[in-house]
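I have placed the structure first, in the form of structure tokens, so that the comments after it can refer back to it.
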Amino acid sequence: MSARPEVHVLDDIAQWTAQAAALTRDLQHQAVHERGRFLVALSGGRTPEQVYRRLASQSSTAPQDWSSTHFFFSDERCVPPDHPDSNYHLAEAALFRPLNIPEDRIHRMRGEHPNPDAAAREYEDMLRAVTRADPAGWPQLDLLMLGIGNDGHTASLFPGTDALQERRRWVTVGLAPSGPPSRLTLTLGVINQATVVLFLATGDGKADIVKALFEPKKDADRELPTPLVRPARGRLNWVLDHPAAAKLAGHHAESHKRPT
């Protein structure tokens, strides 16, 4: 686990969703004020979907609030954009369509590309162009949302895979043990340059892996992909509900609890 993460443990899913959405909006306002735009990478899955719907409902009367935001993706399954497993498809229904986000502000990974490696390189080229990053460095996203799998993976960086070892490319091909096997994913180099990395986890189904990540008992726990997320100069935030945090030692959970 990266040093000194800021962990928010919320009583119920309504408070959890409100906290995650509030963090996102605060970062958006700060980035637009300081740099004129907000660069955010979204995660897939039903957990962040609740945050997207909350953000959409809060902004329904003023969708122009998002006019300075560029949306990227932390990873994508190699499926068409209208496929139920597509991370873009989920975000399009829960966030982009309700807010009428312009297409030129949405930068999706082309999961339908017949050559995943070529799709990964195209996405890297796009990231370079939009973020205007130093060609010799890494891009800096303002916010990168991530989930965690029960095997400790995050984005599409799975334990023991080549994608986890990639140190030069910004985007690469990940291989999943279940579901659509081929994935496109940001690499640790990009993830660890984000201004804020936000991990989202809810439900008692995440309790075992959350405990392994925060209170590792063996080397295998420390070598999982998620603990390798260590923002170089940014902040690491976790937003958990009580079921997800239930197996943490009492003093540990309480010491990191933050007011909403």
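How things are named: the first chain in the structure tokens is A, the next is B, and so on; residues count from 1 in each chain; ligands count from 1 in the order shown.
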Would you give me, as JSON lines, each residue of stretch 54-161 of chain A having an atom within 10 Å of an atom of stretch 236-243 of chain A, along with its shortest atom pair and that distance in Å to one decimal, using only C-alpha atoms and sorting by chain and residue number?
{"residue": "A:Leu144", "atom": "CA", "partner": "A:Leu236", "partner_atom": "CA", "distance": 9.9}
{"residue": "A:Met145", "atom": "CA", "partner": "A:Asn237", "partner_atom": "CA", "distance": 9.6}
{"residue": "A:Leu146", "atom": "CA", "partner": "A:Trp238", "partner_atom": "CA", "distance": 9.5}
{"residue": "A:Gly147", "atom": "CA", "partner": "A:Trp238", "partner_atom": "CA", "distance": 9.8}
Would you output that residue set with N, CA and C atoms, as a PDB file, in the first residue's frame?
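Printed below is result07.pdb as written:
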ATOM      1  N   LEU A 144      -7.761  10.198 -11.624  1.00  0.00           N
ATOM      2  CA  LEU A 144      -7.821   8.874 -12.223  1.00  0.00           C
ATOM      3  C   LEU A 144      -8.622   7.975 -11.282  1.00  0.00           C
ATOM      4  N   MET A 145      -9.810   7.582 -11.729  1.00  0.00           N
ATOM      5  CA  MET A 145     -10.663   6.706 -10.936  1.00  0.00           C
ATOM      6  C   MET A 145     -10.298   5.248 -11.193  1.00  0.00           C
ATOM      7  N   LEU A 146     -10.253   4.468 -10.134  1.00  0.00           N
ATOM      8  CA  LEU A 146      -9.928   3.052 -10.255  1.00  0.00           C
ATOM      9  C   LEU A 146     -10.813   2.221  -9.342  1.00  0.00           C
ATOM     10  N   GLY A 147     -11.072   1.007  -9.768  1.00  0.00           N
ATOM     11  CA  GLY A 147     -11.699   0.015  -8.910  1.00  0.00           C
ATOM     12  C   GLY A 147     -10.668  -1.034  -8.538  1.00  0.00           C
TER      13      GLY A 147
END
- Just the residues within 12 Å of A:Trp66, please, counting only C-alpha atoms, with nothing from its chain fewer than 4 positions along; format it as an MDAnalysis selection string. chainID A and resid 24:25 28:29 31:32 36:40 55:56 58:62 70:71 95:96 98:102 105:106
Limited to C-alpha atoms, could you put the picked residues into a file as a PDB file, in the first residue's frame?
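Okay, this is what ended up in part_20.pdb:
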ATOM      1  CA  THR A  24     -14.674  14.631  -8.118  1.00  0.00           C
ATOM      2  CA  ARG A  25     -16.429  17.983  -8.316  1.00  0.00           C
ATOM      3  CA  GLN A  28     -12.842  19.572 -11.269  1.00  0.00           C
ATOM      4  CA  HIS A  29     -13.396  23.085  -9.957  1.00  0.00           C
ATOM      5  CA  ALA A  31      -8.317  22.140 -12.057  1.00  0.00           C
ATOM      6  CA  VAL A  32     -10.476  24.430 -14.194  1.00  0.00           C
ATOM      7  CA  GLY A  36      -8.535  25.992 -17.505  1.00  0.00           C
ATOM      8  CA  ARG A  37      -9.477  22.347 -17.955  1.00  0.00           C
ATOM      9  CA  PHE A  38     -10.067  19.091 -16.078  1.00  0.00           C
ATOM     10  CA  LEU A  39      -8.525  15.805 -17.253  1.00  0.00           C
ATOM     11  CA  VAL A  40     -10.199  12.737 -15.749  1.00  0.00           C
ATOM     12  CA  LEU A  55     -22.633  13.530 -10.986  1.00  0.00           C
ATOM     13  CA  ALA A  56     -25.139  13.593 -13.840  1.00  0.00           C
ATOM     14  CA  GLN A  58     -26.201  17.055  -9.720  1.00  0.00           C
ATOM     15  CA  SER A  59     -25.310  18.730 -13.024  1.00  0.00           C
ATOM     16  CA  SER A  60     -28.599  18.182 -14.866  1.00  0.00           C
ATOM     17  CA  THR A  61     -29.547  21.870 -14.727  1.00  0.00           C
ATOM     18  CA  ALA A  62     -26.073  23.095 -15.684  1.00  0.00           C
ATOM     19  CA  HIS A  70     -11.806  15.902 -21.064  1.00  0.00           C
ATOM     20  CA  PHE A  71     -12.858  12.327 -20.310  1.00  0.00           C
ATOM     21  CA  LEU A  95     -22.846  10.259 -17.626  1.00  0.00           C
ATOM     22  CA  PHE A  96     -22.139  11.390 -21.176  1.00  0.00           C
ATOM     23  CA  PRO A  98     -27.479  12.684 -19.654  1.00  0.00           C
ATOM     24  CA  LEU A  99     -25.112  15.666 -19.731  1.00  0.00           C
ATOM     25  CA  ASN A 100     -24.843  15.915 -23.533  1.00  0.00           C
ATOM     26  CA  ILE A 101     -21.054  15.810 -23.361  1.00  0.00           C
ATOM     27  CA  PRO A 102     -19.613  16.759 -26.778  1.00  0.00           C
ATOM     28  CA  ARG A 105     -14.423  15.840 -25.024  1.00  0.00           C
ATOM     29  CA  ILE A 106     -14.775  12.047 -24.840  1.00  0.00           C
TER      30      ILE A 106
END
- DSSP strand (DSSP E or B) selection over stretch 110-199 of chain A, as a PyMOL selection string: chain A and resi 143-146+154+157+171-175+182-186+196-199
How would the residues just picked look written out with N, CA, C and O atoms as an mmCIF file, in the first residue's frame?
data_model
loop_
_atom_site.group_PDB
_atom_site.id
_atom_site.type_symbol
_atom_site.label_atom_id
_atom_site.label_comp_id
_atom_site.auth_asym_id
_atom_site.auth_seq_id
_atom_site.Cartn_x
_atom_site.Cartn_y
_atom_site.Cartn_z
ATOM 1 N N LEU A 143 -7.413 13.597 -12.322
ATOM 2 C CA LEU A 143 -8.082 12.572 -11.519
ATOM 3 C C LEU A 143 -8.110 11.274 -12.294
ATOM 4 O O LEU A 143 -8.444 11.259 -13.490
ATOM 5 N N LEU A 144 -7.761 10.198 -11.624
ATOM 6 C CA LEU A 144 -7.821 8.874 -12.223
ATOM 7 C C LEU A 144 -8.622 7.975 -11.282
ATOM 8 O O LEU A 144 -8.205 7.710 -10.160
ATOM 9 N N MET A 145 -9.810 7.582 -11.729
ATOM 10 C CA MET A 145 -10.663 6.706 -10.936
ATOM 11 C C MET A 145 -10.298 5.248 -11.193
ATOM 12 O O MET A 145 -10.079 4.851 -12.344
ATOM 13 N N LEU A 146 -10.253 4.468 -10.134
ATOM 14 C CA LEU A 146 -9.928 3.052 -10.255
ATOM 15 C C LEU A 146 -10.813 2.221 -9.342
ATOM 16 O O LEU A 146 -11.213 2.670 -8.261
ATOM 17 N N THR A 154 -6.183 -3.853 -10.792
ATOM 18 C CA THR A 154 -6.805 -2.549 -10.967
ATOM 19 C C THR A 154 -6.567 -2.105 -12.399
ATOM 20 O O THR A 154 -5.589 -2.534 -13.036
ATOM 21 N N LEU A 157 -4.644 -4.222 -15.159
ATOM 22 C CA LEU A 157 -3.319 -4.691 -14.748
ATOM 23 C C LEU A 157 -3.538 -5.869 -13.807
ATOM 24 O O LEU A 157 -3.877 -5.695 -12.633
ATOM 25 N N VAL A 171 0.140 3.157 -22.706
ATOM 26 C CA VAL A 171 -1.040 2.296 -22.855
ATOM 27 C C VAL A 171 -0.567 0.968 -23.414
ATOM 28 O O VAL A 171 0.278 0.929 -24.315
ATOM 29 N N THR A 172 -1.098 -0.115 -22.888
ATOM 30 C CA THR A 172 -0.683 -1.423 -23.366
ATOM 31 C C THR A 172 -1.868 -2.376 -23.358
ATOM 32 O O THR A 172 -2.995 -1.993 -23.026
ATOM 33 N N VAL A 173 -1.602 -3.613 -23.745
ATOM 34 C CA VAL A 173 -2.645 -4.641 -23.793
ATOM 35 C C VAL A 173 -2.554 -5.496 -22.535
ATOM 36 O O VAL A 173 -1.487 -6.014 -22.209
ATOM 37 N N GLY A 174 -3.667 -5.597 -21.822
ATOM 38 C CA GLY A 174 -3.738 -6.452 -20.647
ATOM 39 C C GLY A 174 -4.492 -7.725 -20.963
ATOM 40 O O GLY A 174 -5.330 -7.760 -21.864
ATOM 41 N N LEU A 175 -4.179 -8.777 -20.228
ATOM 42 C CA LEU A 175 -4.850 -10.064 -20.414
ATOM 43 C C LEU A 175 -5.563 -10.439 -19.129
ATOM 44 O O LEU A 175 -4.953 -10.530 -18.064
ATOM 45 N N SER A 182 -8.839 -9.921 -23.752
ATOM 46 C CA SER A 182 -7.965 -8.828 -24.174
ATOM 47 C C SER A 182 -8.530 -7.497 -23.693
ATOM 48 O O SER A 182 -9.726 -7.219 -23.846
ATOM 49 N N ARG A 183 -7.654 -6.681 -23.114
ATOM 50 C CA ARG A 183 -8.059 -5.379 -22.592
ATOM 51 C C ARG A 183 -7.030 -4.328 -23.026
ATOM 52 O O ARG A 183 -5.866 -4.644 -23.261
ATOM 53 N N LEU A 184 -7.452 -3.082 -23.095
ATOM 54 C CA LEU A 184 -6.541 -1.956 -23.237
ATOM 55 C C LEU A 184 -6.441 -1.295 -21.878
ATOM 56 O O LEU A 184 -7.444 -1.137 -21.178
ATOM 57 N N THR A 185 -5.246 -0.893 -21.467
ATOM 58 C CA THR A 185 -5.089 -0.342 -20.127
ATOM 59 C C THR A 185 -3.995 0.712 -20.057
ATOM 60 O O THR A 185 -2.976 0.616 -20.752
ATOM 61 N N LEU A 186 -4.231 1.724 -19.240
ATOM 62 C CA LEU A 186 -3.156 2.631 -18.885
ATOM 63 C C LEU A 186 -2.122 1.853 -18.077
ATOM 64 O O LEU A 186 -2.455 0.902 -17.371
ATOM 65 N N VAL A 196 -4.484 13.087 -8.559
ATOM 66 C CA VAL A 196 -5.225 12.321 -7.560
ATOM 67 C C VAL A 196 -5.635 10.986 -8.170
ATOM 68 O O VAL A 196 -6.176 10.936 -9.277
ATOM 69 N N VAL A 197 -5.345 9.918 -7.441
ATOM 70 C CA VAL A 197 -5.866 8.597 -7.777
ATOM 71 C C VAL A 197 -6.957 8.283 -6.764
ATOM 72 O O VAL A 197 -6.740 8.386 -5.550
ATOM 73 N N LEU A 198 -8.131 7.928 -7.269
ATOM 74 C CA LEU A 198 -9.279 7.664 -6.405
ATOM 75 C C LEU A 198 -9.716 6.216 -6.580
ATOM 76 O O LEU A 198 -10.215 5.838 -7.642
ATOM 77 N N PHE A 199 -9.527 5.409 -5.534
ATOM 78 C CA PHE A 199 -10.006 4.034 -5.527
ATOM 79 C C PHE A 199 -11.413 3.997 -4.950
ATOM 80 O O PHE A 199 -11.689 4.609 -3.903
#
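Neighbouring residues of A:His33 at 12 Å or closer, counting only C-alpha atoms and skipping chain neighbours under 6 positions away, are A:Asp26, A:Leu27, A:Ser68, A:Thr69.
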- Excluding same-chain residues fewer than 4 positions from A:Ala176, what lies within 12 Å of it counting only C-alpha atoms, as a PyMOL selection string? chain A and resi 75-78+149+151+153-164+180-185
- Quick one: DSSP alpha helix (DSSP H) residues in stretch 133-199 of chain A, as a PyMOL selection string? chain A and resi 162-165+188-191
For the selection you just gave me, I'd like the residues written to a file as a tab-separated table (two decimals), in the first residue's frame, keeping N, CA and C atoms.
chain	number	residue	atom	x	y	z
A	162	ASP	N	2.27	-9.37	-18.28
A	162	ASP	CA	3.28	-8.48	-18.84
A	162	ASP	C	2.89	-7.01	-18.70
A	163	ALA	N	1.60	-6.70	-18.76
A	163	ALA	CA	1.17	-5.31	-18.68
A	163	ALA	C	1.62	-4.67	-17.37
A	164	LEU	N	1.68	-5.46	-16.33
A	164	LEU	CA	2.07	-4.94	-15.02
A	164	LEU	C	3.54	-4.54	-14.99
A	165	GLN	N	4.33	-5.12	-15.88
A	165	GLN	CA	5.77	-4.85	-15.91
A	165	GLN	C	6.16	-3.77	-16.91
A	188	LEU	N	1.24	1.66	-15.25
A	188	LEU	CA	1.55	2.25	-13.95
A	188	LEU	C	2.25	3.60	-14.09
A	189	GLY	N	3.04	3.77	-15.15
A	189	GLY	CA	3.72	5.04	-15.35
A	189	GLY	C	2.75	6.20	-15.47
A	190	VAL	N	1.65	6.01	-16.17
A	190	VAL	CA	0.63	7.04	-16.32
A	190	VAL	C	-0.16	7.18	-15.02
A	191	ILE	N	-0.57	6.05	-14.46
A	191	ILE	CA	-1.40	6.08	-13.25
A	191	ILE	C	-0.68	6.81	-12.13
Name the residues in contact with A:Tyr123 at a cut-off of 7 Å, using only C-alpha atoms, excluding same-chain residues fewer than 3 positions from it; report them as a PDB file with N, CA and C atoms, in the first residue's frame.
ATOM      1  N   MET A 109     -11.220   4.438 -25.624  1.00  0.00           N
ATOM      2  CA  MET A 109     -10.314   3.438 -26.164  1.00  0.00           C
ATOM      3  C   MET A 109     -11.074   2.597 -27.190  1.00  0.00           C
ATOM      4  N   ALA A 119      -4.393  -0.411 -31.258  1.00  0.00           N
ATOM      5  CA  ALA A 119      -5.347   0.447 -30.556  1.00  0.00           C
ATOM      6  C   ALA A 119      -4.688   1.095 -29.343  1.00  0.00           C
ATOM      7  N   ALA A 120      -3.843   0.339 -28.636  1.00  0.00           N
ATOM      8  CA  ALA A 120      -3.136   0.890 -27.480  1.00  0.00           C
ATOM      9  C   ALA A 120      -2.202   2.013 -27.908  1.00  0.00           C
ATOM     10  N   MET A 126      -3.046   9.771 -28.843  1.00  0.00           N
ATOM     11  CA  MET A 126      -4.096  10.730 -28.512  1.00  0.00           C
ATOM     12  C   MET A 126      -3.815  11.395 -27.160  1.00  0.00           C
ATOM     13  N   LEU A 127      -3.401  10.601 -26.167  1.00  0.00           N
ATOM     14  CA  LEU A 127      -3.071  11.154 -24.848  1.00  0.00           C
ATOM     15  C   LEU A 127      -1.970  12.209 -24.956  1.00  0.00           C
ATOM     16  N   VAL A 171       0.140   3.157 -22.706  1.00  0.00           N
ATOM     17  CA  VAL A 171      -1.040   2.296 -22.855  1.00  0.00           C
ATOM     18  C   VAL A 171      -0.567   0.968 -23.414  1.00  0.00           C
TER      19      VAL A 171
END
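Using only C-alpha atoms, the protein and nucleic acid residues lying no more than 10 Å from A:Arg54, apart from those fewer than 2 places from it along its own chain, are A:Ala14, A:Thr17, A:Ala18, A:Ala20, A:Ala21, A:Ala22, A:Pro48, A:Glu49, A:Gln50, A:Val51, A:Tyr52, A:Ala56, A:Ser57, A:Gln58, A:Ser59, A:Ser60, A:Ala94, A:Leu95.
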